[in-house]
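Trainee: Take a look at the following structure, please.
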Amino acid sequence: MGDGDLNIDPWSSTQSTDYSRIIDQFGLSSLTNLTLPNPSHLHRRGIVFAHRDLDLVLQAQKTGDNFGVLTGLMPSGRMHLGHSMVIEQVKWFQNLGGDVTIAVADLESQATRGVSLAKGREIALHEYVANYAALGLNPDLTSVYFQSTRADVQRLGFQLGRRTNLSEFESIYGFKGDTNLAHVQAPMVQVGDILHPQTEEYGGLRPIVVPVGVDQDPHLRLTRGIAAKSNWFNIKNNNGPGILIGLSIQDDNAEIFGQQANGRIDKSKVSAIFAQVVERLTELGFSDINSNPKQGTIIVPSATKTDTTKIRLKLLQLERKLGGMGLLAPSSTYHHFAVGLTGEKMSSSKPKTTIFLDDDISTVTKKIRKAFSGGQSTIEEHRRLGGNPDIDVAYQYLMYFFEQDDAYLAELNAGYRSGKILAGEMKQICIDQATQWIENHHELRSQTEHLVSNFLAPDSK
Ligand code: TRP
């Protein structure tokens, strides 16, 4: 890591909000270049601001192909408004036709926060899943499981450990010699979480999107790197036109790919593999295929960048047929964090920084009254200079959580900036909207409480 580079630590209690630098440094794509179907308020307001490979998911959605959504929850504290943002996004993907898998990170919570598995389960069900039901996730299309009881996830994480090493952990997470190994194990289990939905037992090969806050991006970088390293076929842009396919020879495919123990190459095996690749490309409709087993390359001159996904999926299927894992790198989306009520980071361990979904109305009211304000210190000054909605918590919470109407929000924004709306008035508007939102949520929570067990996967009942 060079001087001045950002280091994102998923376990840290502070957070960088320098989002454009994050986009640059970690190679995220901005969301402004994609057209989203039926965007939610989080998309319309730029709160979900970046992605990796979301186009794969949108493409699948458009053509009616399967795609999945995966997220995880850390069962340690109470569920607050910040946590609800991921669920809003999961719901959006669910409404677009995605199947939903949710990992309860009980192993991670035990290893990094000392929460017992039994306690983790209780928190997950009563704090989180009960709120998911109230927030409108569909139990018939959602599958919640526990890291501790899904052996397939642990096995996958363990197996894929051979595709990374301590240097990579050092560079991604900033680990040192005294880093506790729980912080090495937890990301590997998370790799298992993220990749397992595409295995045959859990729905098969399809794009899987992971909506997260930027703090979780290190895990995605790790997972995407591992998936790519495990792939048997490389797909690259050709130097000339089109794309170039090559073999990635590894321990577990050397024999199938004709690498003999004596160092010679079994040409008939290589040709057989190449023939299967050509067959798959022909199925996709390509006719100009330049297959050269001797050089170890296949060039498809007419293939464009948008064909790459189709080709990749076909070759991952072929890899699976040949005995490989055939893992597709996960897609992801990133959201901005809502500021804490006090102006610092929202955190379950500091109740004053956030609103819990089970806070009662008088607590919510008090918290908003005391919230950090972007107004001026006297009314006279405020009228003259105006307030700053970008740092005004009441305005921010209306934008992130409570106000659906974009036009009204724009009015509030302009009114605040011009000094027409006072800080106290903004707070009152926020309190009114929050009261409605929270009351409605509590009502829905009691109506949907009985659905909790329907969310659980068969191995997690
Ligand atoms: N590490 C996540 C957290 O701290 C929880 C988690 C576990 C997760 N597995 C995941 C998040 C998979 C997203 C995807 O909250």
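Each chain of the structure tokens is named A, B, ... in the order shown, its residues numbered from 1; ligands are numbered from 1 in display order.
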List the neighbours of Asp55 of chain A out to 12 Å using only C-alpha atoms; skip same-chain residues closer than 2 positions along the sequence, and give me the result as a PDB file with C-alpha atoms, in the first residue's frame.
Mentor:
```
ATOM      1  CA  SER A  29     -17.600   1.508 -11.132  1.00  0.00           C
ATOM      2  CA  SER A  30     -19.872   4.454 -10.674  1.00  0.00           C
ATOM      3  CA  LEU A  31     -23.568   3.673 -10.809  1.00  0.00           C
ATOM      4  CA  ASN A  33     -23.572   4.868 -16.091  1.00  0.00           C
ATOM      5  CA  LEU A  34     -26.216   2.199 -15.576  1.00  0.00           C
ATOM      6  CA  THR A  35     -29.959   2.468 -16.037  1.00  0.00           C
ATOM      7  CA  LEU A  36     -31.739   0.717 -13.213  1.00  0.00           C
ATOM      8  CA  PRO A  37     -35.243  -0.687 -13.534  1.00  0.00           C
ATOM      9  CA  ALA A  50     -21.002   2.282  -6.943  1.00  0.00           C
ATOM     10  CA  HIS A  51     -20.799  -1.324  -8.043  1.00  0.00           C
ATOM     11  CA  ARG A  52     -18.728  -4.116  -9.451  1.00  0.00           C
ATOM     12  CA  ASP A  53     -20.192  -6.085 -12.360  1.00  0.00           C
ATOM     13  CA  VAL A  57     -27.118  -9.040 -12.805  1.00  0.00           C
ATOM     14  CA  LEU A  58     -29.149  -6.463 -14.718  1.00  0.00           C
ATOM     15  CA  GLN A  59     -28.574  -8.410 -17.921  1.00  0.00           C
ATOM     16  CA  ALA A  60     -29.813 -11.634 -16.303  1.00  0.00           C
ATOM     17  CA  GLN A  61     -32.827  -9.775 -14.962  1.00  0.00           C
ATOM     18  CA  LYS A  62     -33.616  -8.394 -18.408  1.00  0.00           C
ATOM     19  CA  PHE A  67     -29.718 -14.349 -10.452  1.00  0.00           C
ATOM     20  CA  PRO A 207     -24.719 -14.086 -11.085  1.00  0.00           C
ATOM     21  CA  ILE A 208     -24.848 -13.343  -7.368  1.00  0.00           C
ATOM     22  CA  VAL A 209     -24.912  -9.754  -6.162  1.00  0.00           C
ATOM     23  CA  LYS A 305     -17.086  -6.977 -24.540  1.00  0.00           C
ATOM     24  CA  THR A 306     -20.763  -7.651 -23.945  1.00  0.00           C
ATOM     25  CA  THR A 308     -17.747 -11.884 -22.558  1.00  0.00           C
ATOM     26  CA  THR A 309     -20.326 -12.688 -19.902  1.00  0.00           C
ATOM     27  CA  PRO A 330     -19.591 -12.004  -7.300  1.00  0.00           C
ATOM     28  CA  SER A 331     -21.124  -8.689  -8.279  1.00  0.00           C
ATOM     29  CA  SER A 332     -21.554  -6.037  -5.631  1.00  0.00           C
ATOM     30  CA  THR A 333     -23.129  -2.667  -4.934  1.00  0.00           C
TER      31      THR A 333
END
```
Trainee: What's the 10 Å shell around Gln216 of chain A, counting only C-alpha atoms, without same-chain residues fewer than 6 positions away, as a list of chain:residue names?
Mentor: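 Contacts, with the query itself left out: A:Ile8, A:Asp9, A:Pro10, A:Trp11, A:Val210, A:Tyr334.
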Trainee: Would you mind exporting N, CA, C and O atoms of the selected residues as a PDB file, in the first residue's frame?
Mentor:
```pdb
ATOM      1  N   ILE A   8      -9.244   0.263   4.023  1.00  0.00           N
ATOM      2  CA  ILE A   8     -10.574   0.050   4.581  1.00  0.00           C
ATOM      3  C   ILE A   8     -10.519  -1.153   5.509  1.00  0.00           C
ATOM      4  O   ILE A   8     -10.126  -2.234   5.109  1.00  0.00           O
ATOM      5  N   ASP A   9     -10.883  -0.936   6.740  1.00  0.00           N
ATOM      6  CA  ASP A   9     -10.853  -2.013   7.720  1.00  0.00           C
ATOM      7  C   ASP A   9     -12.287  -2.376   8.090  1.00  0.00           C
ATOM      8  O   ASP A   9     -12.990  -1.591   8.713  1.00  0.00           O
ATOM      9  N   PRO A  10     -12.737  -3.567   7.700  1.00  0.00           N
ATOM     10  CA  PRO A  10     -14.138  -3.914   7.960  1.00  0.00           C
ATOM     11  C   PRO A  10     -14.485  -4.020   9.443  1.00  0.00           C
ATOM     12  O   PRO A  10     -15.648  -4.043   9.796  1.00  0.00           O
ATOM     13  N   TRP A  11     -13.499  -4.091  10.327  1.00  0.00           N
ATOM     14  CA  TRP A  11     -13.798  -4.217  11.760  1.00  0.00           C
ATOM     15  C   TRP A  11     -13.617  -2.903  12.509  1.00  0.00           C
ATOM     16  O   TRP A  11     -13.741  -2.849  13.718  1.00  0.00           O
ATOM     17  N   VAL A 210     -23.944  -8.885  -4.134  1.00  0.00           N
ATOM     18  CA  VAL A 210     -23.817  -8.672  -2.698  1.00  0.00           C
ATOM     19  C   VAL A 210     -23.892  -7.167  -2.426  1.00  0.00           C
ATOM     20  O   VAL A 210     -22.944  -6.442  -2.718  1.00  0.00           O
ATOM     21  N   TYR A 334     -22.503  -0.761  -3.605  1.00  0.00           N
ATOM     22  CA  TYR A 334     -21.999  -0.062  -2.419  1.00  0.00           C
ATOM     23  C   TYR A 334     -22.878   1.124  -2.089  1.00  0.00           C
ATOM     24  O   TYR A 334     -23.269   1.867  -2.981  1.00  0.00           O
TER      25      TYR A 334
END
```
Trainee: Which neighbours of Leu135 of chain A fall inside 12 Å, counting only C-alpha atoms, when residues of the same chain fewer than 3 positions from it are skipped, and could you give them as a short mmCIF file (atom, residue, chain, number, x, y, z; two decimals) with C-alpha atoms, in the first residue's frame?
Mentor:
```cif
data_model
loop_
_atom_site.label_atom_id
_atom_site.label_comp_id
_atom_site.auth_asym_id
_atom_site.auth_seq_id
_atom_site.Cartn_x
_atom_site.Cartn_y
_atom_site.Cartn_z
CA LEU A 81 -31.70 2.16 10.68
CA HIS A 83 -28.79 -1.99 8.84
CA SER A 84 -32.13 -1.51 7.13
CA MET A 85 -30.46 0.01 4.06
CA VAL A 86 -29.05 -3.31 2.88
CA ILE A 87 -32.44 -4.92 3.38
CA GLU A 88 -34.10 -2.21 1.28
CA GLN A 89 -31.69 -3.12 -1.49
CA VAL A 90 -32.20 -6.85 -1.04
CA LYS A 91 -35.94 -6.23 -1.30
CA TRP A 92 -35.40 -4.28 -4.51
CA TYR A 128 -32.79 -9.09 12.61
CA VAL A 129 -35.02 -11.60 10.84
CA ALA A 130 -38.14 -10.33 12.65
CA ASN A 131 -37.33 -6.85 11.34
CA TYR A 132 -36.65 -8.18 7.83
CA ASN A 138 -40.74 -12.25 1.20
CA PRO A 139 -40.16 -15.36 3.35
CA LEU A 357 -35.88 -0.29 14.91
CA TRP A 437 -42.27 5.32 9.82
CA ILE A 438 -41.47 3.77 13.19
CA ASN A 440 -45.84 1.67 10.90
CA HIS A 441 -42.79 -0.53 11.32
CA HIS A 442 -43.81 -1.62 14.82
CA GLU A 443 -47.29 -2.40 13.59
CA LEU A 444 -45.90 -4.48 10.71
CA ARG A 445 -43.49 -6.18 13.06
CA SER A 446 -46.27 -7.51 15.25
CA GLN A 447 -48.22 -8.59 12.18
CA THR A 448 -45.31 -10.48 10.62
CA GLU A 449 -43.63 -11.89 13.74
#
```
Trainee: Name the residues, by chain letter and number, that sit within 6 Å of ligand 1 using only C-alpha atoms and all ligand atoms, and give them as number ranges by chain.
Mentor: A: 71-74, 103, 105, 190, 193-194
Trainee: Give the answer as one residue: which of A:Ala275, A:Leu409, A:Leu166, A:Ala434 has the shortest atom-to-atom distance to Thr365 of chain A, using only C-alpha atoms?
Mentor: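 Once distances to Thr365 of chain A are computed over only C-alpha atoms, the minimum belongs to A:Ala434.
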Trainee: So which one's closest to Glu425 of chain A, A:Gly387, A:Gly82, A:Gly225, A:Pro458? Using only C-alpha atoms, please.
Mentor: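 Using only C-alpha atoms, the shortest distance to Glu425 of chain A belongs to A:Gly387.
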